[in-house]
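What follows is a single structure, written as structure tokens, with notes after it.
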Amino acid sequence: KRLAWLSHLSRTRIVYALPATNPWGFANHKRTEVRIDTNRDFAIDTAPSACAQSATGRVVNELFRRHIFQVGITFHGGMEAIAYEWGAPTYNQARRFHSHGRRLRMAPPRDLAPDDASQVAISGAMALVAGEGLGIRAYRKSRMNSIVYPVHGGMEDWAYAASWDPALSVKGGCSVKGYGRERTASYDDASNRCSMLLVETSNAKAGPPSLFGSEDKLFDMGPGHVTRNVRLALVAVDVVEPYAAWRDSTEEGCIHRASSTDLKFSVGGAARVESSTIY
């Protein structure tokens, strides 16, 4: 069943993987690209002079201009959490209280994104399959502003909202030399609507191989940083599009008019299934 599931994903999904988005930083053991923090170099909720400065930021920008990404993960280290939109300072305003008669009621937090319900469901499914063990705790999950911290120019909010949220857009695009402002001034309406999740994989930036996990335990909820994050990534690949698969098919796949049978099917590509109908 696992092989059939993986085969289905390989036939119906296109996956882009950038193992070292910042190669200079990887080679030099730095989080920056020379002096630019590539995590904050995107055209979202920032000044025109503070984005698209790095080759890393420009490469990712060009990828999003050429492709429509639906779900994405950016892996980091420094804590253990799964975070999602919003992470922009503009939406990091304090919660307000409204008076209702003699009672005070708290208004919804301002960092709730329009797709908060789906992001909560997806991150919950990811945390569930990731599991815990070997001294590695279960992932906490919440909005970036709540569980991490707000940043200007964040890649996650840019991937999610650069094409449709005028409150966060960089008017006129990024103004750095050597990169056309039109490349960040506006985006196609179908682009930059990606549910981009931030996965902070570990408190430590490096560790012994004994904490990585083992390949033979990948689908048995085996603990380890690598095994659990591969399972987590497969959730992102799976939820791109809902699908149904028949189970226990009748002989030759036929159902005769005079016969009766139980039809069994499973539904994938979703964090939660509320109802289903057969036509």
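Order determines the names: the first chain of the structure tokens is A, the second B, and so forth; residues in each chain are numbered 1 upward, and ligands are numbered 1 upward as they are shown.
Residues surrounding Gly135 in chain A within 12 Å are Ser202, Asn203, Ser210, Leu211, Phe212, Gly213, Pro223, Gly224 and His225 of chain A [only C-alpha atoms; sequence separation below 5 positions excluded].
Near range 57-70 of chain A, within a cut-off of 7 Å and counting only C-alpha atoms, sit the residues Thr38, Asp41, Phe42, Ala52, Ala190, Ser191, Asn192, Arg193, Cys194, Ser195 and Val240 of chain A, with same-chain residues fewer than 4 positions away left out.
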Would you put the residues from that selection into a file with N, CA and C atoms, as a short mmCIF file (atom, residue, chain, number, x, y, z; two decimals), in the first residue's frame?
```cif
data_model
loop_
_atom_site.label_atom_id
_atom_site.label_comp_id
_atom_site.auth_asym_id
_atom_site.auth_seq_id
_atom_site.Cartn_x
_atom_site.Cartn_y
_atom_site.Cartn_z
N THR A 38 19.39 36.07 3.86
CA THR A 38 18.51 35.64 2.76
C THR A 38 17.11 35.30 3.24
N ASP A 41 14.91 38.63 2.60
CA ASP A 41 15.30 39.32 1.38
C ASP A 41 14.23 39.27 0.31
N PHE A 42 12.97 39.25 0.72
CA PHE A 42 11.88 39.09 -0.24
C PHE A 42 10.95 40.31 -0.23
N ALA A 52 15.58 41.53 -2.51
CA ALA A 52 16.20 41.06 -3.75
C ALA A 52 17.67 41.47 -3.83
N ALA A 190 -2.17 34.28 -10.31
CA ALA A 190 -2.14 32.88 -9.90
C ALA A 190 -0.89 32.54 -9.09
N SER A 191 0.09 33.42 -9.12
CA SER A 191 1.35 33.14 -8.46
C SER A 191 1.32 33.58 -7.00
N ASN A 192 2.31 33.12 -6.24
CA ASN A 192 2.50 33.54 -4.85
C ASN A 192 1.22 33.45 -4.03
N ARG A 193 0.60 32.29 -4.13
CA ARG A 193 -0.54 31.92 -3.30
C ARG A 193 -0.26 30.56 -2.65
N CYS A 194 1.00 30.35 -2.35
CA CYS A 194 1.47 29.06 -1.85
C CYS A 194 1.31 28.99 -0.33
N SER A 195 0.78 27.87 0.14
CA SER A 195 0.73 27.64 1.58
C SER A 195 2.14 27.21 2.00
N VAL A 240 -1.49 18.46 -1.84
CA VAL A 240 -1.58 19.38 -2.97
C VAL A 240 -2.95 19.28 -3.65
#
```
For Ser266 in chain A, please output as a list in words all residues within 9 Å (counting only C-alpha atoms; exclusion window: fewer than 6 positions along the same chain).
Tyr243, Ala244, Ala245, Trp246 and Arg247 of chain A
Next, the residues of the selection above should be written as a short mmCIF file (atom, residue, chain, number, x, y, z; two decimals), in the first residue's frame with N, CA and C atoms.
```cif
data_model
loop_
_atom_site.label_atom_id
_atom_site.label_comp_id
_atom_site.auth_asym_id
_atom_site.auth_seq_id
_atom_site.Cartn_x
_atom_site.Cartn_y
_atom_site.Cartn_z
N TYR A 243 -7.80 13.28 -3.71
CA TYR A 243 -8.00 12.17 -4.63
C TYR A 243 -8.69 11.03 -3.89
N ALA A 244 -9.28 10.13 -4.64
CA ALA A 244 -9.95 8.96 -4.07
C ALA A 244 -9.38 7.71 -4.72
N ALA A 245 -9.28 6.63 -3.94
CA ALA A 245 -8.78 5.36 -4.46
C ALA A 245 -9.71 4.25 -4.02
N TRP A 246 -10.12 3.42 -4.97
CA TRP A 246 -11.01 2.30 -4.64
C TRP A 246 -10.25 1.23 -3.87
N ARG A 247 -10.93 0.60 -2.95
CA ARG A 247 -10.35 -0.49 -2.17
C ARG A 247 -11.22 -1.74 -2.31
#
```
Show me, as JSON, numbers by chain, the residues that have an atom within 7 Å of Thr201 in chain A when counting only C-alpha atoms, minus same-chain residues fewer than 6 positions from it.
{"A": [75, 76, 77, 79, 80, 81]}
Rounded to one decimal place, report the CA of Val34 in chain A-CA of Trp158 in chain A distance in Å.
22.1 Å
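Between Ala47 in chain A and the candidates A:His152, A:Asp216, A:Gly207, A:Val15, the tightest atom-to-atom separation, counting only C-alpha atoms, involves A:His152.
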As an exercise, work out the distance from CA of Ala55 in chain A to CA of Arg35 in chain A in Å and give it to one decimal place.
11.9 Å
Considering only alpha helix (DSSP H) as DSSP defines it on the backbone, what residues of range 72-181 of chain A qualify? List them as a ChimeraX atom specification.
/A:116-130,144-147,155-161
Measuring between only C-alpha atoms, which one of A:Ala4, A:Ala271, A:Ala17, A:Met155 shows the shortest distance to Leu197 in chain A?
A:Met155
If you count only C-alpha atoms, which residues fall within 12 Å of range 137-149 of chain A, apart from same-chain ones fewer than 6 positions away, as a compact mmCIF listing (two decimals) with N, CA and C atoms, in the first residue's frame?
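New file result11.txt:
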```txt
# COMPACT_ATOMS: atom_id res chain seq x y z
N HIS A 76 14.42 24.96 8.58
CA HIS A 76 15.40 25.76 9.32
C HIS A 76 15.82 25.01 10.58
N GLY A 77 16.78 25.57 11.29
CA GLY A 77 17.19 25.04 12.58
C GLY A 77 17.28 26.16 13.60
N GLY A 78 17.18 25.81 14.86
CA GLY A 78 17.27 26.83 15.91
C GLY A 78 16.20 26.67 16.97
N MET A 79 15.13 25.97 16.64
CA MET A 79 14.07 25.62 17.56
C MET A 79 13.32 24.44 16.96
N GLU A 80 12.27 23.98 17.61
CA GLU A 80 11.49 22.86 17.08
C GLU A 80 10.03 23.28 17.00
N ALA A 81 9.57 23.56 15.79
CA ALA A 81 8.20 24.06 15.61
C ALA A 81 7.81 24.00 14.14
N ILE A 82 6.51 23.98 13.90
CA ILE A 82 5.94 24.15 12.56
C ILE A 82 5.14 25.44 12.60
N ALA A 83 5.49 26.37 11.73
CA ALA A 83 4.85 27.69 11.77
C ALA A 83 4.30 28.04 10.39
N TYR A 84 3.28 28.90 10.38
CA TYR A 84 2.63 29.28 9.13
C TYR A 84 2.19 30.73 9.23
N GLU A 85 1.58 31.25 8.17
CA GLU A 85 1.24 32.66 8.09
C GLU A 85 0.21 33.06 9.17
N TRP A 86 0.34 34.30 9.66
CA TRP A 86 1.22 35.37 9.23
C TRP A 86 2.50 35.43 10.07
N GLY A 87 3.56 35.98 9.39
CA GLY A 87 4.79 36.27 10.09
C GLY A 87 5.25 37.70 9.82
N ALA A 88 4.37 38.50 9.21
CA ALA A 88 4.71 39.87 8.85
C ALA A 88 4.44 40.83 10.01
N PRO A 89 5.33 41.80 10.25
CA PRO A 89 5.10 42.77 11.32
C PRO A 89 3.79 43.54 11.17
N THR A 90 3.37 43.79 9.93
CA THR A 90 2.11 44.51 9.73
C THR A 90 0.94 43.81 10.40
N TYR A 91 0.99 42.49 10.46
CA TYR A 91 -0.09 41.72 11.08
C TYR A 91 0.29 41.20 12.47
N ASN A 92 1.24 41.88 13.09
CA ASN A 92 1.65 41.48 14.44
C ASN A 92 1.11 42.44 15.48
N GLN A 93 -0.04 43.01 15.24
CA GLN A 93 -0.62 43.97 16.17
C GLN A 93 -1.32 43.25 17.31
N ALA A 94 -1.33 43.91 18.44
CA ALA A 94 -1.89 43.29 19.65
C ALA A 94 -3.38 43.02 19.48
N ARG A 95 -3.84 42.00 20.16
CA ARG A 95 -5.27 41.68 20.14
C ARG A 95 -6.04 42.77 20.88
N PRO A 109 -7.14 37.43 16.87
CA PRO A 109 -5.79 37.96 16.69
C PRO A 109 -5.59 38.46 15.27
N ARG A 110 -4.81 39.52 15.10
CA ARG A 110 -4.60 40.12 13.80
C ARG A 110 -3.70 39.29 12.90
N ASP A 111 -3.00 38.30 13.45
CA ASP A 111 -2.11 37.51 12.61
C ASP A 111 -2.77 36.26 12.04
N LEU A 112 -4.11 36.22 12.06
CA LEU A 112 -4.82 35.12 11.42
C LEU A 112 -4.87 35.36 9.91
N ALA A 113 -4.30 34.46 9.13
CA ALA A 113 -4.35 34.57 7.67
C ALA A 113 -5.69 34.08 7.16
N ASP A 115 -6.34 31.78 5.21
CA ASP A 115 -6.34 30.32 5.11
C ASP A 115 -5.90 29.66 6.41
N ASP A 116 -6.16 30.33 7.52
CA ASP A 116 -5.69 29.81 8.80
C ASP A 116 -6.23 28.41 9.09
N ALA A 117 -7.49 28.15 8.78
CA ALA A 117 -8.07 26.84 9.10
C ALA A 117 -7.33 25.71 8.38
N GLN A 119 -4.26 25.85 7.19
CA GLN A 119 -2.89 25.80 7.67
C GLN A 119 -2.81 25.10 9.03
N VAL A 120 -3.80 25.31 9.86
CA VAL A 120 -3.86 24.59 11.14
C VAL A 120 -3.99 23.09 10.89
N ALA A 121 -4.85 22.71 9.95
CA ALA A 121 -5.07 21.29 9.65
C ALA A 121 -3.81 20.65 9.06
N ILE A 122 -3.17 21.34 8.12
CA ILE A 122 -1.98 20.78 7.48
C ILE A 122 -0.84 20.64 8.49
N SER A 123 -0.61 21.68 9.27
CA SER A 123 0.47 21.61 10.26
C SER A 123 0.18 20.56 11.31
N GLY A 124 -1.09 20.36 11.65
CA GLY A 124 -1.45 19.32 12.61
C GLY A 124 -1.15 17.93 12.06
N ALA A 125 -1.46 17.72 10.77
CA ALA A 125 -1.16 16.43 10.14
C ALA A 125 0.34 16.20 10.07
N MET A 126 1.09 17.25 9.77
CA MET A 126 2.54 17.14 9.72
C MET A 126 3.12 16.77 11.09
N ALA A 127 2.66 17.45 12.12
CA ALA A 127 3.16 17.17 13.46
C ALA A 127 2.82 15.75 13.89
N LEU A 128 1.65 15.27 13.47
CA LEU A 128 1.22 13.93 13.85
C LEU A 128 2.12 12.86 13.23
N VAL A 129 2.41 12.96 11.94
CA VAL A 129 3.23 11.95 11.29
C VAL A 129 4.70 12.10 11.65
N ALA A 130 5.11 13.30 12.05
CA ALA A 130 6.50 13.50 12.44
C ALA A 130 6.82 12.71 13.71
N GLY A 131 5.93 12.77 14.69
CA GLY A 131 6.13 12.01 15.91
C GLY A 131 7.23 12.59 16.78
N MET A 155 10.35 35.07 3.59
CA MET A 155 10.07 34.26 2.41
C MET A 155 8.69 33.61 2.47
N GLU A 156 8.27 33.17 3.67
CA GLU A 156 7.01 32.44 3.79
C GLU A 156 5.82 33.32 3.44
N ASP A 157 5.75 34.52 4.02
CA ASP A 157 4.64 35.42 3.72
C ASP A 157 4.69 35.88 2.27
N MET A 196 2.94 28.16 2.44
CA MET A 196 4.35 27.91 2.74
C MET A 196 4.54 27.79 4.25
N LEU A 197 4.98 26.63 4.67
CA LEU A 197 5.16 26.38 6.10
C LEU A 197 6.64 26.40 6.46
N LEU A 198 6.91 26.99 7.60
CA LEU A 198 8.25 27.04 8.15
C LEU A 198 8.41 25.90 9.15
N VAL A 199 9.39 25.02 8.91
CA VAL A 199 9.65 23.93 9.84
C VAL A 199 11.00 24.17 10.49
N GLU A 200 10.96 24.48 11.77
CA GLU A 200 12.18 24.61 12.57
C GLU A 200 12.48 23.22 13.11
N THR A 201 13.52 22.58 12.55
CA THR A 201 13.69 21.15 12.75
C THR A 201 14.32 20.77 14.09
N SER A 202 15.20 21.62 14.62
CA SER A 202 15.92 21.22 15.82
C SER A 202 16.50 22.43 16.53
N ASN A 203 16.61 22.33 17.84
CA ASN A 203 17.27 23.39 18.60
C ASN A 203 18.74 23.50 18.21
N PRO A 223 11.69 7.24 15.10
CA PRO A 223 12.15 8.57 15.49
C PRO A 223 13.41 8.97 14.74
N GLY A 224 13.74 10.23 14.79
CA GLY A 224 14.93 10.74 14.13
C GLY A 224 14.61 11.98 13.32
N HIS A 225 15.56 12.91 13.26
CA HIS A 225 15.31 14.18 12.56
C HIS A 225 15.04 13.98 11.07
N ARG A 228 11.61 11.73 10.41
CA ARG A 228 10.35 12.41 10.70
C ARG A 228 10.09 13.57 9.75
N ASN A 229 11.16 14.21 9.27
CA ASN A 229 10.94 15.32 8.35
C ASN A 229 10.69 14.85 6.92
N LEU A 232 7.02 14.19 7.17
CA LEU A 232 6.35 15.50 7.18
C LEU A 232 6.29 16.08 5.77
```
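For the residues A:Leu6, A:Phe265, A:Ser49, A:Thr56, ranking by smallest atom-to-atom distance to Gly25 in chain A using only C-alpha atoms places A:Thr56 first.
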Rank A:Thr46, A:Ser175, A:Thr74, A:Ser7 by their smallest atom-to-atom distance to Thr21 in chain A, using only C-alpha atoms, and report the top residue only.
A:Thr74
